[in-house]
>>> print(open('structure_1.pdb').read())   # PDB, C-alpha atoms
ATOM      1  CA  MET A 148     107.750 324.521-175.268
ATOM      2  CA  SER A 149     108.630 320.984-176.239
ATOM      3  CA  ASN A 150     109.185 319.605-172.762
ATOM      4  CA  ILE A 151     106.175 320.747-170.746
ATOM      5  CA  ILE A 152     105.846 317.421-168.878
ATOM      6  CA  ILE A 153     109.294 317.999-167.388
ATOM      7  CA  TYR A 154     108.144 321.375-166.074
ATOM      8  CA  ILE A 155     105.030 319.770-164.547
ATOM      9  CA  ALA A 156     107.327 317.256-162.833
ATOM     10  CA  LEU A 157     109.495 320.123-161.557
ATOM     11  CA  ALA A 158     106.387 321.828-160.136
ATOM     12  CA  LEU A 159     105.474 318.604-158.286
ATOM     13  CA  LEU A 160     109.032 318.407-156.943
ATOM     14  CA  MET A 161     108.827 321.996-155.674
ATOM     15  CA  LEU A 162     105.549 321.187-153.863
ATOM     16  CA  THR A 163     107.329 318.188-152.343
ATOM     17  CA  LEU A 164     110.140 320.439-151.097
ATOM     18  CA  ILE A 165     107.606 322.845-149.558
ATOM     19  CA  ALA A 166     105.824 319.992-147.729
ATOM     20  CA  GLY A 167     109.125 318.669-146.421
ATOM     21  CA  LEU A 168     110.039 322.173-145.228
ATOM     22  CA  ILE A 169     106.733 322.450-143.313
ATOM     23  CA  ARG A 170     107.444 319.156-141.553
ATOM     24  CA  PHE A 171     111.014 320.293-140.925
ATOM     25  CA  VAL A 172     109.807 323.458-139.175
ATOM     26  CA  LYS A 173     106.996 322.042-137.034
ATOM     27  CA  GLY A 174     108.197 318.527-136.336
ATOM     28  CA  PRO A 175     107.611 317.628-132.683
ATOM     29  CA  SER A 176     110.735 315.517-132.223
ATOM     30  CA  ILE A 177     114.211 315.582-133.720
ATOM     31  CA  VAL A 178     113.649 312.365-135.719
ATOM     32  CA  ASP A 179     110.850 314.116-137.651
ATOM     33  CA  ARG A 180     113.257 316.850-138.641
ATOM     34  CA  ILE A 181     115.891 314.348-139.771
ATOM     35  CA  VAL A 182     113.324 312.432-141.845
ATOM     36  CA  ALA A 183     112.101 315.651-143.446
ATOM     37  CA  PHE A 184     115.700 316.608-144.232
ATOM     38  CA  ASP A 185     116.348 313.186-145.782
ATOM     39  CA  SER A 186     113.209 313.418-147.946
ATOM     40  CA  MET A 187     114.145 316.929-149.067
ATOM     41  CA  THR A 188     117.630 315.695-149.949
ATOM     42  CA  VAL A 189     116.312 312.873-152.147
ATOM     43  CA  THR A 190     113.916 315.307-153.830
ATOM     44  CA  SER A 191     116.705 317.775-154.494
ATOM     45  CA  LEU A 192     118.807 314.960-156.011
ATOM     46  CA  VAL A 193     116.031 314.465-158.572
ATOM     47  CA  VAL A 194     115.853 318.240-159.115
ATOM     48  CA  ILE A 195     119.611 318.327-159.773
ATOM     49  CA  GLY A 196     119.206 315.482-162.290
ATOM     50  CA  VAL A 197     116.403 317.294-164.128
ATOM     51  CA  ILE A 198     118.427 320.526-164.213
ATOM     52  CA  ALA A 199     121.408 318.571-165.558
ATOM     53  CA  TYR A 200     119.212 317.287-168.384
ATOM     54  CA  LEU A 201     117.669 320.688-169.126
ATOM     55  CA  SER A 202     120.988 322.537-169.243
ATOM     56  CA  ASN A 203     122.961 319.797-171.083
ATOM     57  CA  ARG A 204     125.686 319.540-168.459
ATOM     58  CA  ALA A 205     126.463 315.986-167.395
ATOM     59  CA  ILE A 206     128.848 317.100-164.649
ATOM     60  CA  TYR A 207     125.865 317.981-162.441
ATOM     61  CA  PHE A 208     125.299 314.251-161.943
ATOM     62  CA  ASP A 209     128.634 314.161-160.102
ATOM     63  CA  VAL A 210     127.293 316.919-157.855
ATOM     64  CA  ALA A 211     124.215 314.765-157.186
ATOM     65  CA  VAL A 212     126.338 311.702-156.307
ATOM     66  CA  VAL A 213     128.544 313.643-153.870
ATOM     67  CA  TYR A 214     125.537 315.396-152.314
ATOM     68  CA  GLY A 215     123.748 312.095-151.739
ATOM     69  CA  LEU A 216     126.842 310.584-150.155
ATOM     70  CA  LEU A 217     127.337 313.519-147.773
ATOM     71  CA  SER A 218     123.641 313.569-146.824
ATOM     72  CA  PHE A 219     123.698 309.829-146.069
ATOM     73  CA  LEU A 220     126.745 310.264-143.820
ATOM     74  CA  GLY A 221     125.102 313.204-142.064
ATOM     75  CA  VAL A 222     121.894 311.273-141.361
ATOM     76  CA  ILE A 223     123.837 308.279-140.010
ATOM     77  CA  ILE A 224     126.034 310.458-137.778
ATOM     78  CA  VAL A 225     123.114 312.484-136.334
ATOM     79  CA  ALA A 226     121.114 309.285-135.698
ATOM     80  CA  LYS A 227     124.051 307.696-133.876
ATOM     81  CA  TYR A 228     124.487 310.916-131.878
ATOM     82  CA  ILE A 229     120.892 311.097-130.654
ATOM     83  CA  GLN A 230     120.962 307.373-129.910
ATOM     84  CA  GLY A 231     123.984 307.895-127.659
ATOM     85  CA  GLY A 232     126.612 306.000-129.603
ATOM     86  CA  LEU A 233     128.995 308.889-130.132
TER      87      LEU A 233
ATOM     88  CA  MET B 279     109.262 314.169-180.036
ATOM     89  CA  THR B 280     110.474 310.627-180.179
ATOM     90  CA  TYR B 281     108.981 307.750-178.240
ATOM     91  CA  VAL B 282     112.071 307.371-176.057
ATOM     92  CA  LYS B 283     111.645 310.918-174.785
ATOM     93  CA  LEU B 284     107.940 310.284-174.135
ATOM     94  CA  VAL B 285     108.749 307.161-172.093
ATOM     95  CA  GLY B 286     111.349 309.116-170.110
ATOM     96  CA  GLU B 287     108.928 311.935-169.417
ATOM     97  CA  LEU B 288     106.241 309.510-168.219
ATOM     98  CA  PHE B 289     108.713 307.787-165.880
ATOM     99  CA  LEU B 290     109.824 311.175-164.536
ATOM    100  CA  LEU B 291     106.214 312.246-163.984
ATOM    101  CA  MET B 292     105.341 309.038-162.127
ATOM    102  CA  GLY B 293     108.445 309.331-159.963
ATOM    103  CA  SER B 294     107.662 312.948-159.116
ATOM    104  CA  PHE B 295     104.095 311.973-158.228
ATOM    105  CA  SER B 296     105.416 309.237-155.936
ATOM    106  CA  LEU B 297     107.719 311.747-154.210
ATOM    107  CA  PHE B 298     104.767 314.117-153.817
ATOM    108  CA  VAL B 299     102.620 311.378-152.245
ATOM    109  CA  ALA B 300     105.519 310.621-149.884
ATOM    110  CA  ALA B 301     105.594 314.280-148.831
ATOM    111  CA  ILE B 302     101.821 314.287-148.214
ATOM    112  CA  GLY B 303     102.260 311.206-146.043
ATOM    113  CA  LEU B 304     105.074 312.997-144.242
ATOM    114  CA  LEU B 305     102.621 315.755-143.392
ATOM    115  CA  ARG B 306      99.594 313.632-142.482
ATOM    116  CA  MET B 307     100.883 310.522-140.688
ATOM    117  CA  PRO B 308     100.150 310.456-136.936
ATOM    118  CA  ASP B 309     103.401 309.025-135.601
ATOM    119  CA  VAL B 310     107.183 309.278-135.893
ATOM    120  CA  TYR B 311     107.544 305.670-137.029
ATOM    121  CA  ASN B 312     104.890 306.014-139.725
ATOM    122  CA  ARG B 313     106.574 309.180-140.932
ATOM    123  CA  VAL B 314     109.937 307.425-141.172
ATOM    124  CA  GLN B 315     108.269 304.579-143.062
ATOM    125  CA  THR B 316     106.478 306.741-145.608
ATOM    126  CA  GLY B 317     109.246 309.284-145.864
ATOM    127  CA  THR B 318     111.927 306.808-146.909
ATOM    128  CA  LYS B 319     110.150 303.960-148.695
ATOM    129  CA  ALA B 320     107.974 305.966-151.085
ATOM    130  CA  SER B 321     110.734 308.491-151.711
ATOM    131  CA  THR B 322     113.102 305.635-152.614
ATOM    132  CA  LEU B 323     110.597 304.405-155.212
ATOM    133  CA  GLY B 324     110.049 307.916-156.529
ATOM    134  CA  ALA B 325     113.750 308.731-156.810
ATOM    135  CA  ILE B 326     114.556 305.454-158.583
ATOM    136  CA  MET B 327     111.696 305.931-161.064
ATOM    137  CA  SER B 328     112.730 309.542-161.675
ATOM    138  CA  PHE B 329     116.325 308.572-162.391
ATOM    139  CA  ILE B 330     115.158 305.801-164.736
ATOM    140  CA  GLY B 331     113.173 308.503-166.535
ATOM    141  CA  ILE B 332     116.198 310.812-166.694
ATOM    142  CA  GLY B 333     118.235 307.910-168.088
ATOM    143  CA  PHE B 334     115.616 307.382-170.826
ATOM    144  CA  LEU B 335     115.708 311.107-171.549
ATOM    145  CA  ALA B 336     119.508 311.052-171.744
ATOM    146  CA  ILE B 337     119.601 308.380-174.462
ATOM    147  CA  ASP B 338     119.226 311.154-177.069
ATOM    148  CA  HIS B 339     122.403 312.758-175.701
ATOM    149  CA  TRP B 340     124.388 309.511-175.731
ATOM    150  CA  ASP B 341     127.035 310.806-178.142
ATOM    151  CA  GLU B 342     128.151 313.681-175.963
ATOM    152  CA  THR B 343     129.047 312.281-172.564
ATOM    153  CA  ASN B 344     128.521 309.124-170.550
ATOM    154  CA  TRP B 345     125.232 309.915-168.809
ATOM    155  CA  ILE B 346     123.971 306.373-168.393
ATOM    156  CA  GLY B 347     126.788 305.204-166.137
ATOM    157  CA  ARG B 348     126.299 308.062-163.714
ATOM    158  CA  VAL B 349     122.530 307.499-163.641
ATOM    159  CA  ILE B 350     123.069 303.795-162.852
ATOM    160  CA  VAL B 351     125.543 304.729-160.104
ATOM    161  CA  LEU B 352     122.948 307.094-158.591
ATOM    162  CA  ILE B 353     120.178 304.463-158.736
ATOM    163  CA  VAL B 354     122.346 301.805-157.060
ATOM    164  CA  PHE B 355     123.508 304.319-154.462
ATOM    165  CA  ILE B 356     119.969 305.412-153.522
ATOM    166  CA  PHE B 357     118.803 301.780-153.493
ATOM    167  CA  LEU B 358     121.588 300.864-151.042
ATOM    168  CA  THR B 359     121.680 303.854-148.708
ATOM    169  CA  ASN B 360     118.045 304.871-148.176
ATOM    170  CA  PRO B 361     116.858 301.718-146.295
ATOM    171  CA  VAL B 362     119.980 301.864-144.108
ATOM    172  CA  SER B 363     119.212 305.425-143.018
ATOM    173  CA  SER B 364     115.562 304.439-142.447
ATOM    174  CA  HIS B 365     116.599 301.568-140.175
ATOM    175  CA  VAL B 366     119.066 303.699-138.196
ATOM    176  CA  LEU B 367     116.517 306.496-137.729
ATOM    177  CA  MET B 368     113.817 304.059-136.586
ATOM    178  CA  ARG B 369     116.196 302.481-134.076
ATOM    179  CA  ALA B 370     117.219 305.882-132.756
ATOM    180  CA  ALA B 371     113.567 306.887-132.372
ATOM    181  CA  TYR B 372     112.879 303.676-130.428
ATOM    182  CA  ALA B 373     115.907 304.295-128.204
ATOM    183  CA  MET B 374     114.659 307.801-127.419
ATOM    184  CA  LYS B 375     111.383 306.162-126.206
ATOM    185  CA  ILE B 376     109.126 308.278-128.388
ATOM    186  CA  PRO B 377     105.600 306.902-127.715
ATOM    187  CA  LEU B 378     103.671 305.023-130.374
ATOM    188  CA  SER B 379     100.389 306.431-131.642
ATOM    189  CA  ASN B 380      97.015 305.226-130.417
ATOM    190  CA  VAL B 381      96.126 303.286-133.534
ATOM    191  CA  THR B 382      99.314 301.200-133.488
ATOM    192  CA  SER B 383      98.503 297.781-132.059
ATOM    193  CA  VAL B 384     101.574 295.604-132.769
ATOM    194  CA  ASP B 385     105.013 296.184-131.213
ATOM    195  CA  LYS B 386     107.193 293.201-132.107
ATOM    196  CA  LEU B 387     110.406 294.745-130.776
ATOM    197  CA  LYS B 388     108.890 295.195-127.300
ATOM    198  CA  GLU B 389     107.768 291.554-127.259
ATOM    199  CA  ASP B 390     111.249 290.415-128.262
ATOM    200  CA  ILE B 391     112.848 292.568-125.569
ATOM    201  CA  GLU B 392     110.482 291.148-122.944
ATOM    202  CA  HIS B 393     111.263 287.568-123.975
ATOM    203  CA  LYS B 394     115.032 288.284-123.959
ATOM    204  CA  VAL B 395     115.409 287.565-127.680
ATOM    205  CA  LEU B 396     116.889 290.964-128.461
ATOM    206  CA  GLU B 397     118.509 293.489-126.208
ATOM    207  CA  GLU B 398     117.170 296.971-125.748
ATOM    208  CA  PRO B 399     118.784 299.759-127.822
ATOM    209  CA  ILE B 400     121.142 301.987-125.907
ATOM    210  CA  ASP B 401     119.871 305.323-124.648
ATOM    211  CA  GLU B 402     122.004 307.704-122.647
TER     212      GLU B 402
END
>>> encode(input="structure_1.pdb", output="structure tokens")
Amino acid sequence: MSNIIIYIALALLMLTLIAGLIRFVKGPSIVDRIVAFDSMTVTSLVVIGVIAYLSNRAIYFDVAVVYGLLSFLGVIIVAKYIQGGL
Amino acid sequence: MTYVKLVGELFLLMGSFSLFVAAIGLLRMPDVYNRVQTGTKASTLGAIMSFIGIGFLAIDHWDETNWIGRVIVLIVFIFLTNPVSSHVLMRAAYAMKIPLSNVTSVDKLKEDIEHKVLEEPIDE
């Protein structure tokens, strides 16, 4: 157990995902749900980076880059839709 | 355990703690605008610090593949895209006319709309 601090950080990230999921379920308006989804996406990017370090596979960073790009486009498109631009 | 790995682990722990504080603020803030503020700004700081920590951790694996370039690309990408999504979400929430909370006392955008400095965001 040489990297126990990394596991503590992963536990904090899982608690962060749970809190974002609670806000995603009970958010009163749609903007709350989009913000919770964005926060969960950023947290899962960090989780993917930590898993890439722990399993010695650098190609997971490419997964993180593409996932961040797609999430950013999704947030922008949904925000423009609820604003009435589309 | 080398000192580089210790520095990387401390950066990762501080970034994870910042993300956790952002999630607590996402649960406890009274208003949509405050939630957008705390949900994007603190999570930007936490993600950037976590990826700096992962980059410090990856220095030991420098011989295998090019980790550092991808980590720098991720940091620059998060630093560019997260404030843009925050701004767009805040503008959409203002266009939907979601009411401010009771403790909010300053609304600069409403003052500018009343004095014809800016135009009101479109809502259909």
>>> residues_near_point(input="structure_1.pdb", point="(127.6, 308.2, -165.4)", cutoff="10 Å", atoms="only C-alpha atoms", output="list in words")
Ala205, Ile206, Phe208, Asp209 and Val212 of chain A; Gly333, Thr343, Asn344, Trp345, Ile346, Gly347, Arg348, Val349, Ile350, Val351 and Leu352 of chain B
>>> atom_distance(input="structure_1.pdb", atom1="CA of Ala166 in chain A", atom2="CA of Phe289 in chain B")
22.1 Å
>>> interface_residues(input="structure_1.pdb", of="chain A", to="chain B", cutoff="7 Å", atoms="only C-alpha atoms", output="list in words")
Ile152, Ile153, Ala156, Leu159, Leu160, Thr163, Ala166, Gly167, Arg170, Val178, Asp179, Val182, Ser186, Val189, Val193, Val197, Ala205, Phe208, Val212, Phe219, Val222, Ile223, Ala226, Ile229, Gln230 and Gly231 of chain A
>>> closest_residue(input="structure_1.pdb", among="B:Val381, B:Leu358, B:Ile330, B:Ile391", to="Gly215 in chain A", atoms="only C-alpha atoms")
B:Leu358
>>> atom_distance(input="structure_1.pdb", atom1="CA of Ile151 in chain A", atom2="CA of Val213 in chain A")
28.9 Å
>>> atom_distance(input="structure_1.pdb", atom1="CA of Gly221 in chain A", atom2="CA of Ile181 in chain A")
9.6 Å
>>> decode(input="structure_1.pdb", residues="range 195-215 of chain A", atoms="N, CA and C atoms", output="CSV table (one decimal), in the first residue's frame")
chain,number,residue,atom,x,y,z
A,195,ILE,N,-10.7,9.8,-14.2
A,195,ILE,CA,-10.0,9.1,-15.3
A,195,ILE,C,-8.5,9.3,-15.3
A,196,GLY,N,-8.1,10.6,-14.9
A,196,GLY,CA,-6.6,10.8,-14.9
A,196,GLY,C,-6.0,10.0,-13.8
A,197,VAL,N,-6.6,9.8,-12.6
A,197,VAL,CA,-6.0,9.0,-11.5
A,197,VAL,C,-6.0,7.6,-11.9
A,198,ILE,N,-7.1,7.1,-12.6
A,198,ILE,CA,-7.1,5.7,-13.0
A,198,ILE,C,-6.0,5.4,-14.1
A,199,ALA,N,-5.8,6.4,-14.9
A,199,ALA,CA,-4.7,6.3,-15.9
A,199,ALA,C,-3.4,6.2,-15.3
A,200,TYR,N,-3.2,6.9,-14.2
A,200,TYR,CA,-1.9,6.8,-13.5
A,200,TYR,C,-1.8,5.5,-12.8
A,201,LEU,N,-2.9,5.0,-12.1
A,201,LEU,CA,-2.8,3.8,-11.3
A,201,LEU,C,-2.7,2.5,-12.2
A,202,SER,N,-3.2,2.6,-13.4
A,202,SER,CA,-3.1,1.4,-14.3
A,202,SER,C,-2.1,1.5,-15.4
A,203,ASN,N,-1.2,2.6,-15.3
A,203,ASN,CA,-0.1,2.7,-16.2
A,203,ASN,C,-0.5,2.7,-17.7
A,204,ARG,N,-1.6,3.3,-18.0
A,204,ARG,CA,-2.0,3.4,-19.4
A,204,ARG,C,-2.2,4.9,-19.7
A,205,ALA,N,-1.3,5.4,-20.6
A,205,ALA,CA,-1.4,6.9,-20.9
A,205,ALA,C,-2.5,7.2,-21.9
A,206,ILE,N,-3.1,6.2,-22.5
A,206,ILE,CA,-4.1,6.4,-23.6
A,206,ILE,C,-5.4,6.9,-22.9
A,207,TYR,N,-5.6,6.7,-21.6
A,207,TYR,CA,-6.8,7.1,-20.9
A,207,TYR,C,-6.9,8.6,-20.9
A,208,PHE,N,-5.7,9.3,-21.0
A,208,PHE,CA,-5.7,10.8,-21.0
A,208,PHE,C,-6.4,11.3,-22.3
A,209,ASP,N,-6.3,10.5,-23.4
A,209,ASP,CA,-7.0,10.9,-24.6
A,209,ASP,C,-8.5,10.8,-24.4
A,210,VAL,N,-8.9,9.7,-23.7
A,210,VAL,CA,-10.3,9.6,-23.3
A,210,VAL,C,-10.8,10.8,-22.6
A,211,ALA,N,-10.0,11.2,-21.6
A,211,ALA,CA,-10.4,12.4,-20.8
A,211,ALA,C,-10.5,13.7,-21.6
A,212,VAL,N,-9.6,13.9,-22.6
A,212,VAL,CA,-9.6,15.0,-23.5
A,212,VAL,C,-10.9,15.0,-24.3
A,213,VAL,N,-11.2,13.9,-24.9
A,213,VAL,CA,-12.4,13.8,-25.8
A,213,VAL,C,-13.7,13.9,-25.0
A,214,TYR,N,-13.7,13.4,-23.7
A,214,TYR,CA,-14.9,13.5,-22.9
A,214,TYR,C,-15.1,14.9,-22.4
A,215,GLY,N,-14.0,15.6,-22.1
A,215,GLY,CA,-14.2,17.0,-21.7
A,215,GLY,C,-14.7,17.9,-22.9
